[in-house]
>>> print(open('model04.pdb').read())   # PDB, C-alpha atoms
ATOM      1  CA  MET I   1     118.836 107.017 121.681  1.00  0.00           C
ATOM      2  CA  ASN I   2     115.314 107.617 122.983  1.00  0.00           C
ATOM      3  CA  LYS I   3     112.575 105.005 123.370  1.00  0.00           C
ATOM      4  CA  LEU I   4     110.577 106.383 120.453  1.00  0.00           C
ATOM      5  CA  THR I   5     113.557 105.858 118.154  1.00  0.00           C
ATOM      6  CA  ARG I   6     113.851 102.253 119.310  1.00  0.00           C
ATOM      7  CA  LEU I   7     110.123 101.654 118.789  1.00  0.00           C
ATOM      8  CA  SER I   8     109.697 103.382 115.437  1.00  0.00           C
ATOM      9  CA  TYR I   9     111.582 100.964 113.171  1.00  0.00           C
ATOM     10  CA  GLY I  10     110.118  97.787 114.609  1.00  0.00           C
ATOM     11  CA  GLY I  11     106.625  99.202 114.838  1.00  0.00           C
ATOM     12  CA  THR I  12     106.605 100.513 111.286  1.00  0.00           C
ATOM     13  CA  ALA I  13     108.020  97.280 109.841  1.00  0.00           C
ATOM     14  CA  ALA I  14     105.485  95.110 111.679  1.00  0.00           C
ATOM     15  CA  ILE I  15     102.531  97.294 110.723  1.00  0.00           C
ATOM     16  CA  VAL I  16     103.266  97.630 107.016  1.00  0.00           C
ATOM     17  CA  THR I  17     104.459  94.034 106.572  1.00  0.00           C
ATOM     18  CA  SER I  18     101.385  92.628 108.333  1.00  0.00           C
ATOM     19  CA  MET I  19      98.982  94.698 106.248  1.00  0.00           C
ATOM     20  CA  GLY I  20     100.796  93.703 103.054  1.00  0.00           C
ATOM     21  CA  LEU I  21     100.710  90.010 103.937  1.00  0.00           C
ATOM     22  CA  ILE I  22      97.039  90.010 104.862  1.00  0.00           C
ATOM     23  CA  VAL I  23      95.953  91.907 101.753  1.00  0.00           C
ATOM     24  CA  GLY I  24      98.284  90.028  99.389  1.00  0.00           C
ATOM     25  CA  LEU I  25      97.454  86.563 100.668  1.00  0.00           C
ATOM     26  CA  GLY I  26      93.771  87.496 100.865  1.00  0.00           C
ATOM     27  CA  ALA I  27      93.854  88.531  97.191  1.00  0.00           C
ATOM     28  CA  ALA I  28      95.509  85.207  96.374  1.00  0.00           C
ATOM     29  CA  GLY I  29      92.556  83.431  97.964  1.00  0.00           C
ATOM     30  CA  ASP I  30      94.539  81.918 100.788  1.00  0.00           C
ATOM     31  CA  ARG I  31      92.771  80.592 103.833  1.00  0.00           C
ATOM     32  CA  SER I  32      92.967  82.164 107.243  1.00  0.00           C
ATOM     33  CA  ALA I  33      95.311  79.405 108.417  1.00  0.00           C
ATOM     34  CA  THR I  34      97.845  80.325 105.746  1.00  0.00           C
ATOM     35  CA  ILE I  35      97.630  83.980 106.696  1.00  0.00           C
ATOM     36  CA  ILE I  36      98.055  83.186 110.393  1.00  0.00           C
ATOM     37  CA  VAL I  37     101.094  80.969 109.732  1.00  0.00           C
ATOM     38  CA  SER I  38     102.619  83.639 107.480  1.00  0.00           C
ATOM     39  CA  LEU I  39     102.101  86.373 110.081  1.00  0.00           C
ATOM     40  CA  ILE I  40     103.651  84.223 112.814  1.00  0.00           C
ATOM     41  CA  LEU I  41     106.632  83.308 110.627  1.00  0.00           C
ATOM     42  CA  VAL I  42     107.239  86.959 109.814  1.00  0.00           C
ATOM     43  CA  ALA I  43     106.744  87.934 113.465  1.00  0.00           C
ATOM     44  CA  ILE I  44     109.460  85.508 114.501  1.00  0.00           C
ATOM     45  CA  ALA I  45     111.837  84.690 111.625  1.00  0.00           C
ATOM     46  CA  ASP I  46     111.881  88.036 109.822  1.00  0.00           C
ATOM     47  CA  ASN I  47     111.812  89.843 113.140  1.00  0.00           C
ATOM     48  CA  LEU I  48     114.856  87.948 114.452  1.00  0.00           C
ATOM     49  CA  THR I  49     116.693  88.545 111.186  1.00  0.00           C
ATOM     50  CA  ASP I  50     115.997  92.289 111.246  1.00  0.00           C
ATOM     51  CA  SER I  51     116.855  92.536 114.929  1.00  0.00           C
ATOM     52  CA  ILE I  52     120.212  90.830 114.375  1.00  0.00           C
ATOM     53  CA  ALA I  53     120.883  93.020 111.335  1.00  0.00           C
ATOM     54  CA  ILE I  54     120.110  96.163 113.329  1.00  0.00           C
ATOM     55  CA  HIS I  55     122.369  94.959 116.127  1.00  0.00           C
ATOM     56  CA  VAL I  56     125.288  94.256 113.786  1.00  0.00           C
ATOM     57  CA  TYR I  57     124.758  97.599 112.058  1.00  0.00           C
ATOM     58  CA  GLN I  58     124.780  99.431 115.382  1.00  0.00           C
ATOM     59  CA  GLU I  59     127.938  97.634 116.420  1.00  0.00           C
ATOM     60  CA  SER I  60     129.561  98.591 113.115  1.00  0.00           C
ATOM     61  CA  GLU I  61     128.620 102.205 113.876  1.00  0.00           C
ATOM     62  CA  LYS I  62     130.432 101.753 117.208  1.00  0.00           C
ATOM     63  CA  LEU I  63     127.285 102.293 119.246  1.00  0.00           C
ATOM     64  CA  GLU I  64     127.845 101.424 122.880  1.00  0.00           C
ATOM     65  CA  SER I  65     127.174  97.695 123.460  1.00  0.00           C
ATOM     66  CA  ARG I  66     124.466  98.115 126.060  1.00  0.00           C
ATOM     67  CA  GLN I  67     122.605 100.667 123.956  1.00  0.00           C
ATOM     68  CA  ALA I  68     122.800  98.422 120.868  1.00  0.00           C
ATOM     69  CA  PHE I  69     121.463  95.496 122.893  1.00  0.00           C
ATOM     70  CA  ARG I  70     118.564  97.579 124.263  1.00  0.00           C
ATOM     71  CA  SER I  71     117.689  98.720 120.746  1.00  0.00           C
ATOM     72  CA  THR I  72     117.776  95.147 119.478  1.00  0.00           C
ATOM     73  CA  ILE I  73     115.503  93.858 122.234  1.00  0.00           C
ATOM     74  CA  THR I  74     113.112  96.818 121.941  1.00  0.00           C
ATOM     75  CA  ASN I  75     112.875  96.335 118.165  1.00  0.00           C
ATOM     76  CA  PHE I  76     112.197  92.622 118.566  1.00  0.00           C
ATOM     77  CA  LEU I  77     109.539  93.051 121.258  1.00  0.00           C
ATOM     78  CA  THR I  78     107.824  95.923 119.444  1.00  0.00           C
ATOM     79  CA  ARG I  79     107.546  93.924 116.229  1.00  0.00           C
ATOM     80  CA  LEU I  80     106.377  90.852 118.112  1.00  0.00           C
ATOM     81  CA  LEU I  81     103.679  92.797 119.972  1.00  0.00           C
ATOM     82  CA  VAL I  82     102.420  94.638 116.888  1.00  0.00           C
ATOM     83  CA  SER I  83     102.490  91.477 114.751  1.00  0.00           C
ATOM     84  CA  SER I  84     100.604  89.620 117.486  1.00  0.00           C
ATOM     85  CA  SER I  85      97.742  92.105 117.221  1.00  0.00           C
ATOM     86  CA  PHE I  86      97.378  91.186 113.531  1.00  0.00           C
ATOM     87  CA  VAL I  87      97.621  87.457 114.345  1.00  0.00           C
ATOM     88  CA  ALA I  88      94.823  87.864 116.909  1.00  0.00           C
ATOM     89  CA  MET I  89      92.657  89.554 114.283  1.00  0.00           C
ATOM     90  CA  ALA I  90      93.385  86.768 111.795  1.00  0.00           C
ATOM     91  CA  ILE I  91      92.335  84.174 114.368  1.00  0.00           C
ATOM     92  CA  LEU I  92      89.133  85.980 115.315  1.00  0.00           C
ATOM     93  CA  LEU I  93      87.828  87.407 112.029  1.00  0.00           C
ATOM     94  CA  PRO I  94      86.666  85.844 108.768  1.00  0.00           C
ATOM     95  CA  LEU I  95      88.878  86.788 105.818  1.00  0.00           C
ATOM     96  CA  PRO I  96      86.738  89.542 104.224  1.00  0.00           C
ATOM     97  CA  TYR I  97      86.458  91.350 107.584  1.00  0.00           C
ATOM     98  CA  LEU I  98      90.083  90.655 108.440  1.00  0.00           C
ATOM     99  CA  ILE I  99      91.353  92.541 105.400  1.00  0.00           C
ATOM    100  CA  VAL I 100      89.312  95.652 106.174  1.00  0.00           C
ATOM    101  CA  VAL I 101      89.955  95.624 109.934  1.00  0.00           C
ATOM    102  CA  ALA I 102      93.687  94.932 109.495  1.00  0.00           C
ATOM    103  CA  VAL I 103      94.108  97.831 107.081  1.00  0.00           C
ATOM    104  CA  VAL I 104      92.149 100.211 109.327  1.00  0.00           C
ATOM    105  CA  TRP I 105      94.095  99.042 112.409  1.00  0.00           C
ATOM    106  CA  GLY I 106      97.427  99.252 110.616  1.00  0.00           C
ATOM    107  CA  MET I 107      96.750 102.736 109.239  1.00  0.00           C
ATOM    108  CA  LEU I 108      95.655 103.912 112.683  1.00  0.00           C
ATOM    109  CA  LEU I 109      98.800 102.506 114.329  1.00  0.00           C
ATOM    110  CA  LEU I 110     101.050 103.924 111.606  1.00  0.00           C
ATOM    111  CA  GLY I 111      99.364 107.314 111.837  1.00  0.00           C
ATOM    112  CA  VAL I 112      99.758 107.469 115.628  1.00  0.00           C
ATOM    113  CA  LEU I 113     103.386 106.325 115.503  1.00  0.00           C
ATOM    114  CA  THR I 114     104.136 108.847 112.759  1.00  0.00           C
ATOM    115  CA  TYR I 115     102.463 111.614 114.747  1.00  0.00           C
ATOM    116  CA  PHE I 116     104.703 111.021 117.764  1.00  0.00           C
ATOM    117  CA  VAL I 117     107.856 110.676 115.669  1.00  0.00           C
ATOM    118  CA  ALA I 118     107.045 113.895 113.788  1.00  0.00           C
ATOM    119  CA  ARG I 119     106.404 115.786 117.027  1.00  0.00           C
ATOM    120  CA  GLU I 120     109.689 114.498 118.461  1.00  0.00           C
ATOM    121  CA  ARG I 121     111.519 115.739 115.339  1.00  0.00           C
ATOM    122  CA  GLY I 122     109.713 119.069 115.253  1.00  0.00           C
ATOM    123  CA  ALA I 123     108.189 118.227 111.847  1.00  0.00           C
ATOM    124  CA  ALA I 124     104.599 118.883 110.759  1.00  0.00           C
ATOM    125  CA  PRO I 125     102.707 115.739 111.837  1.00  0.00           C
ATOM    126  CA  GLY I 126     100.005 116.049 109.162  1.00  0.00           C
ATOM    127  CA  ILE I 127     102.465 116.058 106.278  1.00  0.00           C
ATOM    128  CA  GLU I 128     104.442 113.174 107.745  1.00  0.00           C
ATOM    129  CA  ILE I 129     101.291 111.129 108.355  1.00  0.00           C
ATOM    130  CA  VAL I 130     100.143 111.637 104.753  1.00  0.00           C
ATOM    131  CA  LYS I 131     103.574 110.589 103.417  1.00  0.00           C
ATOM    132  CA  HIS I 132     103.744 107.467 105.567  1.00  0.00           C
ATOM    133  CA  LEU I 133     100.155 106.401 104.939  1.00  0.00           C
ATOM    134  CA  ALA I 134     100.683 106.928 101.191  1.00  0.00           C
ATOM    135  CA  SER I 135     103.752 104.682 101.342  1.00  0.00           C
ATOM    136  CA  ALA I 136     101.751 102.022 103.171  1.00  0.00           C
ATOM    137  CA  ILE I 137      98.993 102.281 100.551  1.00  0.00           C
ATOM    138  CA  VAL I 138     101.577 101.596  97.839  1.00  0.00           C
ATOM    139  CA  VAL I 139     102.768  98.480  99.713  1.00  0.00           C
ATOM    140  CA  ILE I 140      99.166  97.320 100.170  1.00  0.00           C
ATOM    141  CA  GLY I 141      98.372  97.942  96.496  1.00  0.00           C
ATOM    142  CA  VAL I 142     101.446  96.109  95.264  1.00  0.00           C
ATOM    143  CA  SER I 143     100.745  93.221  97.664  1.00  0.00           C
ATOM    144  CA  ARG I 144      97.169  92.954  96.436  1.00  0.00           C
ATOM    145  CA  ALA I 145      98.276  93.058  92.800  1.00  0.00           C
ATOM    146  CA  ILE I 146     100.864  90.318  93.363  1.00  0.00           C
ATOM    147  CA  GLY I 147      98.331  88.143  95.200  1.00  0.00           C
ATOM    148  CA  ALA I 148      95.751  88.599  92.435  1.00  0.00           C
ATOM    149  CA  TRP I 149      98.339  87.941  89.732  1.00  0.00           C
ATOM    150  CA  ILE I 150      99.575  84.760  91.403  1.00  0.00           C
ATOM    151  CA  ILE I 151      96.069  83.352  91.850  1.00  0.00           C
ATOM    152  CA  GLY I 152      95.204  84.272  88.251  1.00  0.00           C
ATOM    153  CA  ARG I 153      98.397  82.774  86.887  1.00  0.00           C
ATOM    154  CA  PHE I 154      98.538  79.527  88.835  1.00  0.00           C
ATOM    155  CA  SER I 155      94.927  78.534  89.446  1.00  0.00           C
TER
END
>>> encode(input="model04.pdb", output="structure tokens")
Amino acid sequence: MNKLTRLSYGGTAAIVTSMGLIVGLGAAGDRSATIIVSLILVAIADNLTDSIAIHVYQESEKLESRQAFRSTITNFLTRLLVSSSFVAMAILLPLPYLIVVAVVWGMLLLGVLTYFVARERGAAPGIEIVKHLASAIVVIGVSRAIGAWIIGRFS
């Protein structure tokens, strides 16, 4: 298993989840503190859960123990690092700017990651980037709609 494979899952999950949280909570009118806490909780709790799940899955697939452990640690650290970049933005930027900057940053990261994965696979990077960015846009749109619905329903 190459390093790109170990980075791709964690990186993608952290990018798309962080963008969805920021946009969804922003649409719900939440304060920056709520967004920061949510990002940190996802960066740690959800990250640990996914890392353990990946590890157990790899063990069930009879992947060599050391390789499964390396994948688990790489996934965890990748997600933590990527999520931390969104936390830093949330600390430094006012909410309206945060939403725009986080989406631009996330799309850039996702596009770059997709480019390298596509090249590694021998696939057309442009097509893969469009597919992955479109998927992220759906997540962002659904997150925004849920946030707006919740604030409209319960305020």
>>> residues_around(input="model04.pdb", residues="Ala148 in chain I", least_positions_apart="5", cutoff="12 Å", atoms="all atoms listed in the file", output="list in words")
Val23, Gly24, Leu25, Gly26, Ala27, Ala28, Gly29, Asp30, Gly141, Val142, Ser143, Arg153, Phe154 and Ser155 of chain I
>>> write_last_selection(input="model04.pdb", atoms="C-alpha atoms", output="PDB file, in the coordinates of the input")
ATOM      1  CA  VAL I  23      95.953  91.907 101.753  1.00  0.00           C
ATOM      2  CA  GLY I  24      98.284  90.028  99.389  1.00  0.00           C
ATOM      3  CA  LEU I  25      97.454  86.563 100.668  1.00  0.00           C
ATOM      4  CA  GLY I  26      93.771  87.496 100.865  1.00  0.00           C
ATOM      5  CA  ALA I  27      93.854  88.531  97.191  1.00  0.00           C
ATOM      6  CA  ALA I  28      95.509  85.207  96.374  1.00  0.00           C
ATOM      7  CA  GLY I  29      92.556  83.431  97.964  1.00  0.00           C
ATOM      8  CA  ASP I  30      94.539  81.918 100.788  1.00  0.00           C
ATOM      9  CA  GLY I 141      98.372  97.942  96.496  1.00  0.00           C
ATOM     10  CA  VAL I 142     101.446  96.109  95.264  1.00  0.00           C
ATOM     11  CA  SER I 143     100.745  93.221  97.664  1.00  0.00           C
ATOM     12  CA  ARG I 153      98.397  82.774  86.887  1.00  0.00           C
ATOM     13  CA  PHE I 154      98.538  79.527  88.835  1.00  0.00           C
ATOM     14  CA  SER I 155      94.927  78.534  89.446  1.00  0.00           C
TER      15      SER I 155
END
>>> closest_residue(input="model04.pdb", among="I:Ser83, I:Ser32, I:Ser51, I:Ser65", to="Leu95 in chain I", atoms="only C-alpha atoms")
I:Ser32
>>> closest_residue(input="model04.pdb", among="I:Ile35, I:Met107, I:Leu92, I:Ala45", to="Ala134 in chain I", atoms="all atoms listed in the file")
I:Met107
>>> closest_residue(input="model04.pdb", among="I:Ile54, I:Val82, I:Leu48, I:Ile140", to="Arg70 in chain I", atoms="only C-alpha atoms")
I:Ile54
>>> closest_residue(input="model04.pdb", among="I:Gly10, I:Ala123, I:Gln67, I:Trp105", to="Ala43 in chain I", atoms="all atoms listed in the file")
I:Gly10
>>> closest_residue(input="model04.pdb", among="I:Ala136, I:Ile91, I:Ala53, I:Ala68", to="Ser18 in chain I", atoms="only C-alpha atoms")
I:Ala136
>>> residues_around(input="model04.pdb", residues="Leu4 in chain I", least_positions_apart="6", cutoff="9 Å", atoms="all atoms listed in the file", output="MDAnalysis selection string")
chainID I and resid 113 116:117 120
>>> resolve_selection(input="model04.pdb", expression="the PyMOL selection byres ((chain I and resi 77) around 12)", output="mmCIF file with C-alpha atoms, keeping the file's coordinate frame")
data_model
loop_
_atom_site.group_PDB
_atom_site.id
_atom_site.type_symbol
_atom_site.label_atom_id
_atom_site.label_comp_id
_atom_site.auth_asym_id
_atom_site.auth_seq_id
_atom_site.Cartn_x
_atom_site.Cartn_y
_atom_site.Cartn_z
ATOM 1 C CA ARG I 6 113.851 102.253 119.310
ATOM 2 C CA LEU I 7 110.123 101.654 118.789
ATOM 3 C CA SER I 8 109.697 103.382 115.437
ATOM 4 C CA TYR I 9 111.582 100.964 113.171
ATOM 5 C CA GLY I 10 110.118 97.787 114.609
ATOM 6 C CA GLY I 11 106.625 99.202 114.838
ATOM 7 C CA ALA I 14 105.485 95.110 111.679
ATOM 8 C CA ALA I 43 106.744 87.934 113.465
ATOM 9 C CA ILE I 44 109.460 85.508 114.501
ATOM 10 C CA ASN I 47 111.812 89.843 113.140
ATOM 11 C CA LEU I 48 114.856 87.948 114.452
ATOM 12 C CA ASP I 50 115.997 92.289 111.246
ATOM 13 C CA SER I 51 116.855 92.536 114.929
ATOM 14 C CA ARG I 70 118.564 97.579 124.263
ATOM 15 C CA SER I 71 117.689 98.720 120.746
ATOM 16 C CA THR I 72 117.776 95.147 119.478
ATOM 17 C CA ILE I 73 115.503 93.858 122.234
ATOM 18 C CA THR I 74 113.112 96.818 121.941
ATOM 19 C CA ASN I 75 112.875 96.335 118.165
ATOM 20 C CA PHE I 76 112.197 92.622 118.566
ATOM 21 C CA THR I 78 107.824 95.923 119.444
ATOM 22 C CA ARG I 79 107.546 93.924 116.229
ATOM 23 C CA LEU I 80 106.377 90.852 118.112
ATOM 24 C CA LEU I 81 103.679 92.797 119.972
ATOM 25 C CA VAL I 82 102.420 94.638 116.888
ATOM 26 C CA SER I 83 102.490 91.477 114.751
ATOM 27 C CA SER I 84 100.604 89.620 117.486
#
>>> atom_distance(input="model04.pdb", atom1="CA of Ser135 in chain I", atom2="CA of Val16 in chain I")
9.1 Å
>>> atom_distance(input="model04.pdb", atom1="CA of Tyr97 in chain I", atom2="CA of Ile127 in chain I")
29.5 Å
>>> closest_residue(input="model04.pdb", among="I:Ala118, I:Ile52, I:Val139, I:Val104", to="Phe69 in chain I", atoms="all atoms listed in the file")
I:Ile52
>>> residues_around(input="model04.pdb", residues="Gly111 in chain I", least_positions_apart="5", cutoff="10 Å", atoms="only C-alpha atoms", output="list in words")
Thr12, Trp105, Gly106, Phe116, Val117, Pro125, Gly126, Glu128, Ile129, Val130, Lys131, His132 and Leu133 of chain I
>>> build_atoms(input="model04.pdb", residues="range 113-126 of chain I", atoms="N, CA and C atoms", output="short mmCIF file (atom, residue, chain, number, x, y, z; two decimals), in the coordinates of the input")
data_model
loop_
_atom_site.label_atom_id
_atom_site.label_comp_id
_atom_site.auth_asym_id
_atom_site.auth_seq_id
_atom_site.Cartn_x
_atom_site.Cartn_y
_atom_site.Cartn_z
N LEU I 113 101.93 106.41 115.38
CA LEU I 113 103.39 106.32 115.50
C LEU I 113 104.05 107.49 114.76
N THR I 114 103.59 107.75 113.56
CA THR I 114 104.14 108.85 112.76
C THR I 114 103.92 110.19 113.45
N TYR I 115 102.76 110.37 114.04
CA TYR I 115 102.46 111.61 114.75
C TYR I 115 103.50 111.87 115.84
N PHE I 116 103.75 110.85 116.67
CA PHE I 116 104.70 111.02 117.76
C PHE I 116 106.14 111.21 117.27
N VAL I 117 106.51 110.50 116.23
CA VAL I 117 107.86 110.68 115.67
C VAL I 117 108.00 112.08 115.10
N ALA I 118 106.99 112.55 114.38
CA ALA I 118 107.04 113.90 113.79
C ALA I 118 107.13 114.96 114.88
N ARG I 119 106.35 114.81 115.92
CA ARG I 119 106.40 115.79 117.03
C ARG I 119 107.78 115.79 117.68
N GLU I 120 108.35 114.62 117.86
CA GLU I 120 109.69 114.50 118.46
C GLU I 120 110.74 115.21 117.60
N ARG I 121 110.58 115.11 116.28
CA ARG I 121 111.52 115.74 115.34
C ARG I 121 111.25 117.21 115.12
N GLY I 122 110.08 117.69 115.52
CA GLY I 122 109.71 119.07 115.25
C GLY I 122 109.18 119.26 113.84
N ALA I 123 108.74 118.17 113.20
CA ALA I 123 108.19 118.23 111.85
C ALA I 123 106.67 118.37 111.93
N ALA I 124 106.06 118.76 110.83
CA ALA I 124 104.60 118.88 110.76
C ALA I 124 103.98 117.49 110.73
N PRO I 125 103.26 117.09 111.79
CA PRO I 125 102.71 115.74 111.84
C PRO I 125 101.78 115.40 110.67
N GLY I 126 100.95 116.33 110.25
CA GLY I 126 100.00 116.05 109.16
C GLY I 126 100.69 115.64 107.88
#
